[in-house]
$ cat final07.cif   # mmCIF, C-alpha atoms
data_target
loop_
_atom_site.label_atom_id
_atom_site.label_comp_id
_atom_site.auth_asym_id
_atom_site.auth_seq_id
_atom_site.Cartn_x
_atom_site.Cartn_y
_atom_site.Cartn_z
CA MET A 1 -8.20 15.23 -15.39
CA GLU A 2 -5.82 17.15 -13.15
CA LYS A 3 -2.39 18.03 -14.54
CA ALA A 4 0.61 17.60 -12.26
CA ILE A 5 4.34 18.23 -12.21
CA LEU A 6 6.22 15.44 -10.45
CA ILE A 7 9.42 16.18 -8.58
CA GLY A 8 11.72 13.93 -6.61
CA ALA A 9 15.11 14.08 -4.94
CA TRP A 10 17.36 11.30 -3.79
CA THR A 11 20.20 11.35 -1.29
CA LYS A 12 23.43 9.35 -1.09
CA ASP A 13 21.76 6.59 0.94
CA LYS A 14 19.63 5.59 -2.09
CA GLU A 15 20.72 4.14 -5.43
CA GLU A 16 19.68 6.03 -8.57
CA TRP A 17 17.71 3.03 -9.92
CA GLU A 18 15.73 2.90 -6.65
CA PHE A 19 14.91 6.58 -7.03
CA ASN A 20 13.85 6.16 -10.68
CA ASP A 21 11.63 3.22 -9.68
CA SER A 22 10.06 5.34 -6.97
CA LEU A 23 9.36 8.20 -9.39
CA GLN A 24 7.76 5.79 -11.88
CA GLU A 25 5.63 4.48 -9.05
CA LEU A 26 4.65 8.05 -8.16
CA GLU A 27 3.34 8.50 -11.71
CA ALA A 28 1.34 5.26 -11.38
CA LEU A 29 -0.10 6.58 -8.10
CA LEU A 30 -1.01 9.84 -9.84
CA ASN A 31 -2.77 7.95 -12.64
CA THR A 32 -4.68 5.86 -10.09
CA ALA A 33 -5.80 9.09 -8.42
CA GLY A 34 -7.12 10.34 -11.77
CA GLY A 35 -4.28 12.72 -12.65
CA GLU A 36 -1.81 13.10 -15.51
CA LYS A 37 1.90 14.00 -15.49
CA VAL A 38 2.88 17.03 -17.60
CA PHE A 39 6.50 17.40 -16.47
CA GLU A 40 9.08 15.78 -14.21
CA LEU A 41 12.04 17.14 -12.25
CA LYS A 42 14.83 15.28 -10.45
CA GLN A 43 17.65 16.26 -8.12
CA LYS A 44 20.44 14.44 -6.31
CA LEU A 45 21.14 15.87 -2.85
CA ASN A 46 23.74 15.37 -0.17
CA GLU A 47 20.92 16.08 2.26
CA PRO A 48 17.46 17.66 2.02
CA HIS A 49 17.17 21.43 2.45
CA PRO A 50 15.39 22.01 5.81
CA GLY A 51 13.18 24.75 4.38
CA THR A 52 12.30 23.54 0.89
CA TYR A 53 13.65 19.96 0.63
CA VAL A 54 15.19 20.66 -2.82
CA GLY A 55 17.89 23.28 -3.39
CA LYS A 56 17.29 26.90 -4.42
CA GLY A 57 18.23 26.27 -8.05
CA LYS A 58 15.84 23.34 -8.42
CA LEU A 59 13.09 25.32 -6.68
CA ALA A 60 13.59 28.15 -9.19
CA GLU A 61 13.41 25.60 -12.02
CA LEU A 62 10.18 24.25 -10.55
CA LYS A 63 8.72 27.75 -10.27
CA GLN A 64 9.49 28.42 -13.94
CA ALA A 65 7.88 25.12 -14.98
CA VAL A 66 4.76 26.01 -12.97
CA GLU A 67 4.54 29.44 -14.64
CA GLU A 68 4.92 27.95 -18.12
CA LEU A 69 2.82 24.78 -17.81
CA LYS A 70 0.22 26.01 -15.29
CA PRO A 71 -0.39 22.61 -13.63
CA ASP A 72 -3.18 22.03 -11.13
CA LEU A 73 -0.68 20.83 -8.55
CA VAL A 74 2.91 19.75 -7.88
CA ILE A 75 3.59 16.34 -6.34
CA PHE A 76 6.78 15.57 -4.41
CA ASP A 77 7.96 11.98 -4.24
CA ASN A 78 9.38 12.77 -0.80
CA GLU A 79 7.42 13.30 2.40
CA LEU A 80 7.54 17.00 3.24
CA THR A 81 7.48 18.63 6.65
CA PRO A 82 4.75 21.22 7.28
CA VAL A 83 7.35 24.01 7.02
CA GLN A 84 8.70 22.71 3.70
CA LEU A 85 5.18 22.34 2.30
CA ARG A 86 4.24 25.92 3.20
CA ASN A 87 7.52 27.41 1.94
CA ILE A 88 7.33 25.62 -1.42
CA GLU A 89 3.70 26.58 -2.00
CA LYS A 90 4.47 30.19 -1.15
CA GLU A 91 7.43 30.26 -3.55
CA ILE A 92 5.84 28.57 -6.57
CA ALA A 93 2.23 29.78 -6.05
CA CYS A 94 0.79 26.34 -6.74
CA PRO A 95 -0.78 23.63 -4.55
CA VAL A 96 1.76 21.03 -3.39
CA VAL A 97 1.07 17.41 -2.41
CA ASP A 98 3.62 14.90 -1.15
CA ARG A 99 3.75 11.12 -1.65
CA THR A 100 1.95 10.34 1.61
CA GLN A 101 -0.90 12.71 0.83
CA LEU A 102 -1.27 11.19 -2.63
CA ILE A 103 -1.47 7.66 -1.20
CA LEU A 104 -4.09 8.81 1.30
CA ASP A 105 -6.05 10.34 -1.57
CA ILE A 106 -6.11 6.98 -3.36
CA PHE A 107 -7.16 5.28 -0.14
CA ALA A 108 -10.06 7.74 0.09
CA LEU A 109 -11.13 6.86 -3.46
CA HIS A 110 -11.04 3.12 -2.76
CA ALA A 111 -12.54 2.97 0.75
CA LYS A 112 -15.71 0.92 0.23
CA THR A 113 -16.46 -0.29 3.77
CA LYS A 114 -17.05 1.43 7.09
CA GLU A 115 -13.74 0.13 8.41
CA GLY A 116 -11.86 1.26 5.30
CA SER A 117 -13.35 4.75 5.55
CA LEU A 118 -12.53 5.00 9.26
CA GLN A 119 -8.94 3.92 8.65
CA VAL A 120 -8.52 6.48 5.87
CA GLU A 121 -10.04 9.19 8.05
CA LEU A 122 -7.69 8.30 10.89
CA ALA A 123 -4.63 8.33 8.62
CA GLN A 124 -5.67 11.69 7.15
CA ALA A 125 -6.24 13.16 10.60
CA VAL A 126 -2.87 11.98 11.94
CA TYR A 127 -1.11 13.27 8.81
CA SER A 128 -2.93 16.64 8.88
CA LEU A 129 -2.58 17.38 12.60
CA PRO A 130 0.96 18.85 12.47
CA ARG A 131 0.02 20.71 9.27
CA LEU A 132 -2.88 22.69 10.76
CA VAL A 133 -0.76 25.76 11.55
CA GLY A 134 -0.76 28.20 8.65
CA MET A 135 -3.18 26.21 6.51
CA GLY A 136 -5.52 29.10 5.76
CA LYS A 137 -4.79 29.15 2.03
CA GLU A 138 -4.84 25.38 1.68
CA MET A 139 -8.19 25.10 3.48
CA SER A 140 -9.81 27.22 0.80
CA ARG A 141 -9.11 24.51 -1.79
CA LEU A 142 -10.19 21.45 0.19
CA GLY A 143 -12.55 18.90 -1.28
CA GLY A 144 -11.87 19.43 -4.96
CA GLY A 145 -9.07 17.24 -6.17
CA ILE A 146 -5.95 15.15 -5.66
CA GLY A 147 -4.64 15.28 -2.12
CA THR A 148 -7.87 16.78 -0.76
CA ARG A 149 -10.43 13.97 -1.05
CA GLY A 150 -11.86 11.54 1.41
CA PRO A 151 -13.84 11.07 4.57
CA GLY A 152 -11.36 13.13 6.55
CA GLU A 153 -11.15 16.18 4.29
CA THR A 154 -13.53 18.47 6.23
CA LYS A 155 -11.70 17.70 9.46
CA LEU A 156 -8.82 19.86 8.27
CA GLU A 157 -10.87 22.94 9.11
CA VAL A 158 -11.24 22.19 12.80
CA LYS A 159 -8.88 23.18 15.57
CA ARG A 160 -6.11 21.04 17.03
CA ARG A 161 -8.09 20.10 20.15
CA THR A 162 -10.98 18.82 18.04
CA PHE A 163 -8.49 16.85 15.96
CA PHE A 164 -7.19 15.05 19.02
CA LEU A 165 -10.76 14.20 20.06
CA LYS A 166 -11.57 12.97 16.55
CA ILE A 167 -8.48 10.77 16.40
CA ARG A 168 -9.41 9.24 19.74
CA GLU A 169 -12.99 8.62 18.56
CA LEU A 170 -11.81 7.01 15.30
CA LYS A 171 -9.48 4.69 17.20
CA LYS A 172 -12.38 3.76 19.48
CA GLU A 173 -14.65 2.91 16.52
CA LEU A 174 -11.90 0.87 14.86
CA LYS A 175 -11.31 -0.96 18.13
CA ALA A 176 -14.99 -1.96 18.23
CA LEU A 177 -14.77 -3.35 14.69
CA GLU A 178 -11.57 -5.14 15.64
CA LYS A 179 -13.39 -6.83 18.53
CA GLN A 180 -16.00 -8.15 16.09
CA ARG A 181 -13.22 -9.65 13.99
CA ASP A 182 -11.64 -11.12 17.13
CA ILE A 183 -14.88 -13.01 17.85
CA GLN A 184 -15.06 -14.33 14.28
CA ARG A 185 -11.36 -15.25 14.34
CA LYS A 186 -11.71 -17.06 17.68
CA ALA A 187 -14.57 -19.12 16.24
CA ARG A 188 -12.34 -20.15 13.33
CA ILE A 189 -9.49 -21.02 15.68
CA ASP A 190 -11.85 -23.07 17.87
CA ARG A 191 -12.87 -25.01 14.77
CA ARG A 192 -9.15 -25.39 13.96
CA VAL A 193 -9.58 -23.89 10.52
CA PRO A 194 -6.15 -22.85 9.15
CA ILE A 195 -5.86 -19.15 8.36
CA ILE A 196 -3.85 -18.07 5.32
CA SER A 197 -3.20 -14.43 4.41
CA LEU A 198 -2.36 -13.04 0.99
CA VAL A 199 0.30 -10.36 1.34
CA GLY A 200 2.55 -8.50 -1.06
CA TYR A 201 3.08 -5.45 -3.17
CA THR A 202 0.08 -3.48 -4.33
CA ASN A 203 -1.41 -4.56 -7.69
CA SER A 204 0.37 -7.93 -7.65
CA GLY A 205 -2.91 -9.81 -8.20
CA LYS A 206 -3.87 -10.85 -4.65
CA SER A 207 -7.58 -10.10 -5.08
CA THR A 208 -7.71 -11.89 -8.45
CA LEU A 209 -6.09 -14.93 -6.84
CA LEU A 210 -8.58 -14.99 -3.96
CA ARG A 211 -11.52 -14.56 -6.33
CA THR A 212 -10.28 -17.47 -8.46
CA LEU A 213 -9.49 -19.82 -5.57
CA SER A 214 -12.73 -19.09 -3.69
CA LYS A 215 -14.84 -19.05 -6.89
CA ASP A 216 -16.42 -15.81 -5.63
CA GLN A 217 -16.85 -13.39 -8.52
CA ASP A 218 -18.13 -10.66 -6.20
CA ILE A 219 -14.65 -9.93 -4.85
CA TYR A 220 -13.61 -6.52 -6.14
CA VAL A 221 -10.69 -6.62 -8.56
CA ALA A 222 -9.10 -3.66 -10.35
CA ASN A 223 -5.92 -2.94 -12.24
CA ALA A 224 -5.09 -0.14 -9.83
CA LEU A 225 -2.90 0.54 -6.83
CA PHE A 226 -4.52 -0.07 -3.43
CA ALA A 227 -7.79 -1.48 -4.78
CA THR A 228 -8.22 -3.47 -1.53
CA LEU A 229 -8.23 -1.60 1.80
CA SER A 230 -10.36 -3.71 4.14
CA PRO A 231 -9.78 -7.40 4.90
CA VAL A 232 -11.65 -9.78 2.60
CA THR A 233 -12.05 -13.32 3.94
CA ARG A 234 -13.22 -16.37 1.99
CA LYS A 235 -13.28 -20.16 2.35
CA VAL A 236 -10.94 -22.12 0.10
CA PHE A 237 -10.71 -25.91 -0.20
CA LEU A 238 -7.39 -27.76 -0.56
CA PRO A 239 -6.97 -30.95 -2.68
CA SER A 240 -7.65 -33.22 0.34
CA GLY A 241 -10.93 -31.43 1.02
CA THR A 242 -9.51 -29.52 3.97
CA GLN A 243 -11.09 -26.10 4.37
CA VAL A 244 -8.92 -23.06 5.00
CA VAL A 245 -9.76 -19.40 5.49
CA MET A 246 -7.94 -17.04 3.15
CA ASN A 247 -7.59 -13.29 3.80
CA ASP A 248 -6.85 -10.62 1.22
CA THR A 249 -4.99 -7.64 2.72
CA VAL A 250 -4.06 -4.08 1.80
CA GLY A 251 -1.13 -3.99 -0.62
CA PHE A 252 2.33 -2.84 0.36
CA ILE A 253 4.46 -0.18 -1.31
CA GLN A 254 8.09 0.87 -0.95
CA GLY A 255 8.70 3.56 1.64
CA ILE A 256 5.17 3.17 2.99
CA PRO A 257 4.77 5.96 5.57
CA HIS A 258 4.50 4.96 9.21
CA THR A 259 1.33 7.08 9.44
CA ILE A 260 -0.41 4.70 7.06
CA ILE A 261 0.88 1.53 8.71
CA GLU A 262 -0.35 2.78 12.09
CA ALA A 263 -3.82 3.67 10.76
CA PHE A 264 -4.17 0.31 9.01
CA LYS A 265 -2.78 -1.75 11.88
CA ALA A 266 -6.22 -3.21 12.57
CA THR A 267 -6.41 -4.53 9.01
CA LEU A 268 -2.82 -5.75 9.05
CA GLU A 269 -3.49 -7.39 12.42
CA GLU A 270 -5.32 -10.15 10.55
CA ILE A 271 -1.96 -11.28 9.21
CA ARG A 272 -0.67 -11.90 12.74
CA PHE A 273 -3.06 -14.82 13.28
CA SER A 274 -2.17 -16.67 10.08
CA GLN A 275 -0.58 -20.10 9.92
CA LEU A 276 0.85 -19.27 6.50
CA LEU A 277 1.46 -16.17 4.39
CA LEU A 278 1.26 -16.27 0.61
CA MET A 279 3.50 -13.46 -0.62
CA VAL A 280 2.09 -12.73 -4.07
CA VAL A 281 4.65 -11.25 -6.47
CA ASP A 282 4.10 -9.78 -9.93
CA ALA A 283 6.54 -11.94 -11.89
CA SER A 284 6.28 -9.64 -14.92
CA ASP A 285 7.72 -6.71 -12.94
CA PRO A 286 11.43 -6.29 -13.81
CA ARG A 287 12.08 -5.18 -10.21
CA TYR A 288 10.27 -8.04 -8.51
CA GLU A 289 13.22 -8.63 -6.15
CA ALA A 290 12.97 -5.06 -4.84
CA LYS A 291 9.21 -5.51 -4.38
CA ILE A 292 9.80 -8.72 -2.39
CA ASN A 293 12.28 -6.86 -0.17
CA ALA A 294 9.86 -3.95 0.33
CA SER A 295 7.08 -6.38 1.29
CA GLN A 296 9.37 -8.17 3.72
CA LYS A 297 10.22 -4.84 5.38
CA VAL A 298 6.54 -4.21 6.07
CA LEU A 299 6.15 -7.72 7.51
CA ASP A 300 9.14 -7.01 9.76
CA GLU A 301 7.62 -3.70 10.87
CA ILE A 302 4.30 -5.27 11.86
CA GLU A 303 6.23 -8.07 13.60
CA VAL A 304 4.98 -11.08 11.65
CA SER A 305 8.27 -12.22 10.14
CA ASP A 306 8.10 -15.41 12.23
CA ILE A 307 5.10 -16.69 10.22
CA PRO A 308 6.04 -19.08 7.36
CA VAL A 309 5.95 -17.50 3.90
CA LEU A 310 5.26 -19.21 0.57
CA LEU A 311 6.35 -17.10 -2.41
CA VAL A 312 3.76 -17.09 -5.20
CA PHE A 313 4.89 -15.59 -8.50
CA ASN A 314 1.76 -14.41 -10.30
CA LYS A 315 1.23 -13.26 -13.93
CA CYS A 316 3.63 -15.92 -15.21
CA ASP A 317 1.60 -16.13 -18.41
CA LEU A 318 3.41 -12.90 -19.34
CA LEU A 319 6.86 -14.55 -19.10
CA ASP A 320 8.69 -16.77 -21.53
CA GLU A 321 10.06 -20.13 -20.35
CA SER A 322 13.61 -18.83 -19.78
CA LYS A 323 12.39 -16.13 -17.37
CA GLN A 324 10.21 -18.63 -15.53
CA GLU A 325 13.21 -20.94 -15.20
CA LEU A 326 15.28 -18.07 -13.79
CA ILE A 327 12.70 -17.49 -11.05
CA ARG A 328 12.59 -21.22 -10.24
CA THR A 329 16.38 -21.20 -9.88
CA GLN A 330 16.37 -18.06 -7.72
CA TYR A 331 13.46 -19.20 -5.54
CA PRO A 332 13.29 -23.01 -5.69
CA ASP A 333 10.54 -23.24 -3.04
CA SER A 334 8.24 -20.80 -4.83
CA VAL A 335 5.16 -21.51 -6.97
CA LEU A 336 4.62 -19.93 -10.39
CA ILE A 337 1.00 -19.27 -11.40
CA SER A 338 -1.37 -17.09 -13.39
CA ALA A 339 -4.43 -16.22 -11.31
CA LEU A 340 -6.12 -14.54 -14.27
CA LYS A 341 -5.54 -17.44 -16.69
CA LYS A 342 -6.08 -20.00 -13.90
CA GLU A 343 -2.74 -21.66 -14.66
CA SER A 344 -0.92 -23.90 -12.13
CA LEU A 345 -3.51 -23.27 -9.39
CA PRO A 346 -3.67 -27.01 -8.47
CA ASP A 347 0.12 -26.83 -7.91
CA LEU A 348 -0.41 -23.85 -5.62
CA LEU A 349 -3.13 -25.56 -3.58
CA SER A 350 -0.98 -28.70 -3.25
CA GLY A 351 1.96 -26.52 -2.21
CA ILE A 352 -0.16 -24.81 0.44
CA GLU A 353 -1.33 -28.15 1.81
CA ALA A 354 2.20 -29.58 1.90
CA ARG A 355 3.53 -26.46 3.63
CA LEU A 356 0.78 -26.51 6.28
CA LYS A 357 1.47 -30.20 7.00
CA ARG A 358 5.20 -29.55 7.25
CA GLU A 359 4.73 -26.63 9.65
CA ALA A 360 2.31 -28.69 11.78
CA ALA A 361 4.82 -31.56 11.93
CA ASP A 362 7.61 -29.17 12.94
CA LYS A 363 5.46 -27.77 15.76
CA CYS A 364 4.73 -31.29 17.03
CA ARG A 365 8.45 -32.08 17.14
CA LEU A 366 9.16 -28.89 19.07
CA ALA A 367 6.29 -29.43 21.52
#

$ encode --input "final07.cif" --output "structure tokens"
Amino acid sequence: MEKAILIGAWTKDKEEWEFNDSLQELEALLNTAGGEKVFELKQKLNEPHPGTYVGKGKLAELKQAVEELKPDLVIFDNELTPVQLRNIEKEIACPVVDRTQLILDIFALHAKTKEGSLQVELAQAVYSLPRLVGMGKEMSRLGGGIGTRGPGETKLEVKRRTFFLKIRELKKELKALEKQRDIQRKARIDRRVPIISLVGYTNSGKSTLLRTLSKDQDIYVANALFATLSPVTRKVFLPSGTQVVMNDTVGFIQGIPHTIIEAFKATLEEIRFSQLLLMVVDASDPRYEAKINASQKVLDEIEVSDIPVLLVFNKCDLLDESKQELIRTQYPDSVLISALKKESLPDLLSGIEARLKREAADKCRLA
């Protein structure tokens, strides 16, 4: 297991609790990638240092921690520029990975389909392109650990021109797969089968919910961040016998880099054709409101905020009655369930059916 020092800095535009949440999430990402935290550093900044992101004093503190603890790598919670990355590595004499690179590493671990692998490779290529200059030292350590895995890892050794060609080829392959999905989607639309997409924060239980509702035990489920990368589509039947198509989608995360959203646009495109979105929320998470807001930001960015959303609070078996009542008061139109314990699922299916009927009636009135 690789040992890592985590370091993060927050500026005046972010609250301290948001920063602490983000750093906790970084540790969860590290654990998902197979690493272990040995030390943690924090700094509040007026603005990031252009050359090293953190200030000179904090960098010296980091260097001392590296010398004493001898970690395998240092992980920044902030996205670093190529210049910052090189300067920090040179100063502390230790491999450095930023939040984006760590997320891409997890994506590489979890890519189980051709489309998932292509999307990871594209994201890695786009991320690595501006970092090619001066990467001689880094290239010597590719392929062996956190921040260096995945289908795209060997592409770091090729020149910029080859990178551009590779990015173009990856986009072409993804476009071909997207066309296949377009044909399947058109067939569903022609049959007037409602499409429902499960969206929400990573590890909120979307895959467990789809597996339970579709009665398909082959759907991959894991207690890990970003376990689902490629769209998973299954038939689900509502109480009236109406058939709907339900899509599981890649999970969201706060501050999700634009690089990743762009690479996974084909997957997220499935959401655009939905009649209803089920935003699955981990009700046991103390910061569930922040996770709802982060998920909504991603929906805004991919321009699907006009699609109706039904809030589904999952893992309610972990809450006492008073906390459940608080959620019902805060979000009166939501549904509280436990996908794992199969609790209140009939209420959810009835709620989906009622919402679809209401939206259809509203469209008829507007027509």

$ resolve_selection --input "final07.cif" --expression "the PyMOL selection byres ((chain A and resi 299-302) around 12)" --output "JSON, numbers by chain"
{"A": [197, 198, 199, 200, 201, 251, 252, 253, 255, 256, 257, 258, 261, 262, 264, 265, 266, 267, 268, 269, 270, 271, 272, 277, 279, 292, 293, 294, 295, 296, 297, 298, 303, 304, 305, 306, 307, 308, 309]}

$ closest_residue --input "final07.cif" --among "A:Lys12, A:Leu345, A:Ala65, A:Lys171" --to "Leu122 in chain A" --atoms "all atoms listed in the file"
A:Lys171

$ atom_distance --input "final07.cif" --atom1 "CA of Lys37 in chain A" --atom2 "CA of Glu2 in chain A"
8.7 Å

$ residues_around --input "final07.cif" --residues "Leu102 in chain A" --least-positions-apart "2" --cutoff "10 Å" --atoms "all atoms listed in the file" --output "MDAnalysis selection string"
chainID A and resid 26 29:30 32:33 75:77 97:100 104:108 146:149

$ write_last_selection --input "final07.cif" --atoms "C-alpha atoms" --output "compact mmCIF listing (two decimals), keeping the file's coordinate frame"
# COMPACT_ATOMS: atom_id res chain seq x y z
CA LEU A 26 4.65 8.05 -8.16
CA LEU A 29 -0.10 6.58 -8.10
CA LEU A 30 -1.01 9.84 -9.84
CA THR A 32 -4.68 5.86 -10.09
CA ALA A 33 -5.80 9.09 -8.42
CA ILE A 75 3.59 16.34 -6.34
CA PHE A 76 6.78 15.57 -4.41
CA ASP A 77 7.96 11.98 -4.24
CA VAL A 97 1.07 17.41 -2.41
CA ASP A 98 3.62 14.90 -1.15
CA ARG A 99 3.75 11.12 -1.65
CA THR A 100 1.95 10.34 1.61
CA LEU A 104 -4.09 8.81 1.30
CA ASP A 105 -6.05 10.34 -1.57
CA ILE A 106 -6.11 6.98 -3.36
CA PHE A 107 -7.16 5.28 -0.14
CA ALA A 108 -10.06 7.74 0.09
CA ILE A 146 -5.95 15.15 -5.66
CA GLY A 147 -4.64 15.28 -2.12
CA THR A 148 -7.87 16.78 -0.76
CA ARG A 149 -10.43 13.97 -1.05

$ residues_around --input "final07.cif" --residues "Ala125 in chain A" --least-positions-apart "3" --cutoff "7 Å" --atoms "only C-alpha atoms" --output "count of residues only"
7

$ closest_residue --input "final07.cif" --among "A:Lys14, A:Arg211, A:Lys323, A:Lys291" --to "Ala339 in chain A" --atoms "all atoms listed in the file"
A:Arg211

$ closest_residue --input "final07.cif" --among "A:Val120, A:Ile195, A:Val96, A:Leu174" --to "Pro82 in chain A" --atoms "all atoms listed in the file"
A:Val96

$ resolve_selection --input "final07.cif" --expression "the PyMOL selection byres ((chain A and resi 39) around 7)" --output "PDB file with C-alpha atoms, in the coordinates of the input"
ATOM      1  CA  ILE A   5       4.340  18.230 -12.210  1.00  0.00           C
ATOM      2  CA  LEU A   6       6.220  15.440 -10.450  1.00  0.00           C
ATOM      3  CA  LYS A  37       1.900  14.000 -15.490  1.00  0.00           C
ATOM      4  CA  VAL A  38       2.880  17.030 -17.600  1.00  0.00           C
ATOM      5  CA  GLU A  40       9.080  15.780 -14.210  1.00  0.00           C
ATOM      6  CA  LEU A  41      12.040  17.140 -12.250  1.00  0.00           C
TER       7      LEU A  41
END

$ closest_residue --input "final07.cif" --among "A:Leu210, A:Ala283, A:Leu311, A:Ile196" --to "Glu353 in chain A" --atoms "all atoms listed in the file"
A:Ile196

$ resolve_selection --input "final07.cif" --expression "the PyMOL selection byres ((chain A and resi 245) around 9)" --output "ChimeraX atom specification"
/A:188,193-197,233-237,243-244,246-247

$ atom_distance --input "final07.cif" --atom1 "CA of Lys342 in chain A" --atom2 "CA of Asp216 in chain A"
13.9 Å

$ closest_residue --input "final07.cif" --among "A:Gly241, A:Gly351, A:Gly8, A:Pro71" --to "Tyr53 in chain A" --atoms "all atoms listed in the file"
A:Gly8

$ atom_distance --input "final07.cif" --atom1 "CA of Lys341 in chain A" --atom2 "CA of Ala28 in chain A"
24.3 Å

$ closest_residue --input "final07.cif" --among "A:Ile103, A:Pro332, A:Asp320, A:Glu68" --to "Ile260 in chain A" --atoms "all atoms listed in the file"
A:Ile103

$ axis_aligned_box --input "final07.cif" --around "range 318-336 of chain A" --padding-each-side "8 Å" --output "JSON"
{"center_x": 9.9, "center_y": -18.1, "center_z": -12.3, "size_x": 29.0, "size_y": 26.3, "size_z": 34.5}

$ decode --input "final07.cif" --residues "range 293-313 of chain A" --atoms "N, CA and C atoms" --output "PDB file, in the first residue's frame"
ATOM      1  N   ASN A 293     -26.100  20.236  -3.623  1.00  0.00           N
ATOM      2  CA  ASN A 293     -25.702  21.442  -4.356  1.00  0.00           C
ATOM      3  C   ASN A 293     -24.611  21.140  -5.379  1.00  0.00           C
ATOM      4  N   ALA A 294     -23.636  20.302  -4.989  1.00  0.00           N
ATOM      5  CA  ALA A 294     -22.559  19.934  -5.911  1.00  0.00           C
ATOM      6  C   ALA A 294     -23.110  19.164  -7.110  1.00  0.00           C
ATOM      7  N   SER A 295     -24.063  18.271  -6.855  1.00  0.00           N
ATOM      8  CA  SER A 295     -24.689  17.501  -7.941  1.00  0.00           C
ATOM      9  C   SER A 295     -25.466  18.418  -8.874  1.00  0.00           C
ATOM     10  N   GLN A 296     -26.173  19.382  -8.288  1.00  0.00           N
ATOM     11  CA  GLN A 296     -26.953  20.314  -9.103  1.00  0.00           C
ATOM     12  C   GLN A 296     -26.046  21.163  -9.996  1.00  0.00           C
ATOM     13  N   LYS A 297     -24.860  21.507  -9.489  1.00  0.00           N
ATOM     14  CA  LYS A 297     -23.906  22.290 -10.289  1.00  0.00           C
ATOM     15  C   LYS A 297     -23.474  21.525 -11.533  1.00  0.00           C
ATOM     16  N   VAL A 298     -23.256  20.212 -11.363  1.00  0.00           N
ATOM     17  CA  VAL A 298     -22.867  19.394 -12.523  1.00  0.00           C
ATOM     18  C   VAL A 298     -24.020  19.327 -13.522  1.00  0.00           C
ATOM     19  N   LEU A 299     -25.245  19.164 -13.030  1.00  0.00           N
ATOM     20  CA  LEU A 299     -26.412  19.138 -13.919  1.00  0.00           C
ATOM     21  C   LEU A 299     -26.539  20.454 -14.675  1.00  0.00           C
ATOM     22  N   ASP A 300     -26.243  21.564 -13.995  1.00  0.00           N
ATOM     23  CA  ASP A 300     -26.276  22.873 -14.662  1.00  0.00           C
ATOM     24  C   ASP A 300     -25.209  22.945 -15.745  1.00  0.00           C
ATOM     25  N   GLU A 301     -24.018  22.415 -15.437  1.00  0.00           N
ATOM     26  CA  GLU A 301     -22.901  22.494 -16.379  1.00  0.00           C
ATOM     27  C   GLU A 301     -23.159  21.676 -17.638  1.00  0.00           C
ATOM     28  N   ILE A 302     -23.824  20.535 -17.495  1.00  0.00           N
ATOM     29  CA  ILE A 302     -24.108  19.719 -18.686  1.00  0.00           C
ATOM     30  C   ILE A 302     -25.475  20.070 -19.286  1.00  0.00           C
ATOM     31  N   GLU A 303     -26.055  21.156 -18.776  1.00  0.00           N
ATOM     32  CA  GLU A 303     -27.263  21.767 -19.354  1.00  0.00           C
ATOM     33  C   GLU A 303     -28.465  20.824 -19.366  1.00  0.00           C
ATOM     34  N   VAL A 304     -28.734  20.219 -18.210  1.00  0.00           N
ATOM     35  CA  VAL A 304     -29.922  19.362 -18.096  1.00  0.00           C
ATOM     36  C   VAL A 304     -30.799  19.792 -16.920  1.00  0.00           C
ATOM     37  N   SER A 305     -30.601  21.015 -16.459  1.00  0.00           N
ATOM     38  CA  SER A 305     -31.341  21.475 -15.277  1.00  0.00           C
ATOM     39  C   SER A 305     -32.823  21.697 -15.554  1.00  0.00           C
ATOM     40  N   ASP A 306     -33.225  21.594 -16.842  1.00  0.00           N
ATOM     41  CA  ASP A 306     -34.648  21.743 -17.176  1.00  0.00           C
ATOM     42  C   ASP A 306     -35.416  20.424 -17.020  1.00  0.00           C
ATOM     43  N   ILE A 307     -34.705  19.313 -16.808  1.00  0.00           N
ATOM     44  CA  ILE A 307     -35.366  18.010 -16.648  1.00  0.00           C
ATOM     45  C   ILE A 307     -35.845  17.877 -15.202  1.00  0.00           C
ATOM     46  N   PRO A 308     -37.082  17.420 -14.987  1.00  0.00           N
ATOM     47  CA  PRO A 308     -37.606  17.268 -13.620  1.00  0.00           C
ATOM     48  C   PRO A 308     -36.725  16.349 -12.772  1.00  0.00           C
ATOM     49  N   VAL A 309     -36.590  16.703 -11.505  1.00  0.00           N
ATOM     50  CA  VAL A 309     -35.756  15.937 -10.572  1.00  0.00           C
ATOM     51  C   VAL A 309     -36.592  15.472  -9.385  1.00  0.00           C
ATOM     52  N   LEU A 310     -36.469  14.185  -9.059  1.00  0.00           N
ATOM     53  CA  LEU A 310     -37.077  13.638  -7.846  1.00  0.00           C
ATOM     54  C   LEU A 310     -35.941  13.283  -6.886  1.00  0.00           C
ATOM     55  N   LEU A 311     -35.921  13.939  -5.728  1.00  0.00           N
ATOM     56  CA  LEU A 311     -34.887  13.655  -4.731  1.00  0.00           C
ATOM     57  C   LEU A 311     -35.176  12.337  -4.026  1.00  0.00           C
ATOM     58  N   VAL A 312     -34.174  11.456  -4.002  1.00  0.00           N
ATOM     59  CA  VAL A 312     -34.314  10.152  -3.352  1.00  0.00           C
ATOM     60  C   VAL A 312     -33.234  10.039  -2.278  1.00  0.00           C
ATOM     61  N   PHE A 313     -33.652  10.093  -1.024  1.00  0.00           N
ATOM     62  CA  PHE A 313     -32.701   9.970   0.084  1.00  0.00           C
ATOM     63  C   PHE A 313     -32.518   8.495   0.418  1.00  0.00           C
TER      64      PHE A 313
END
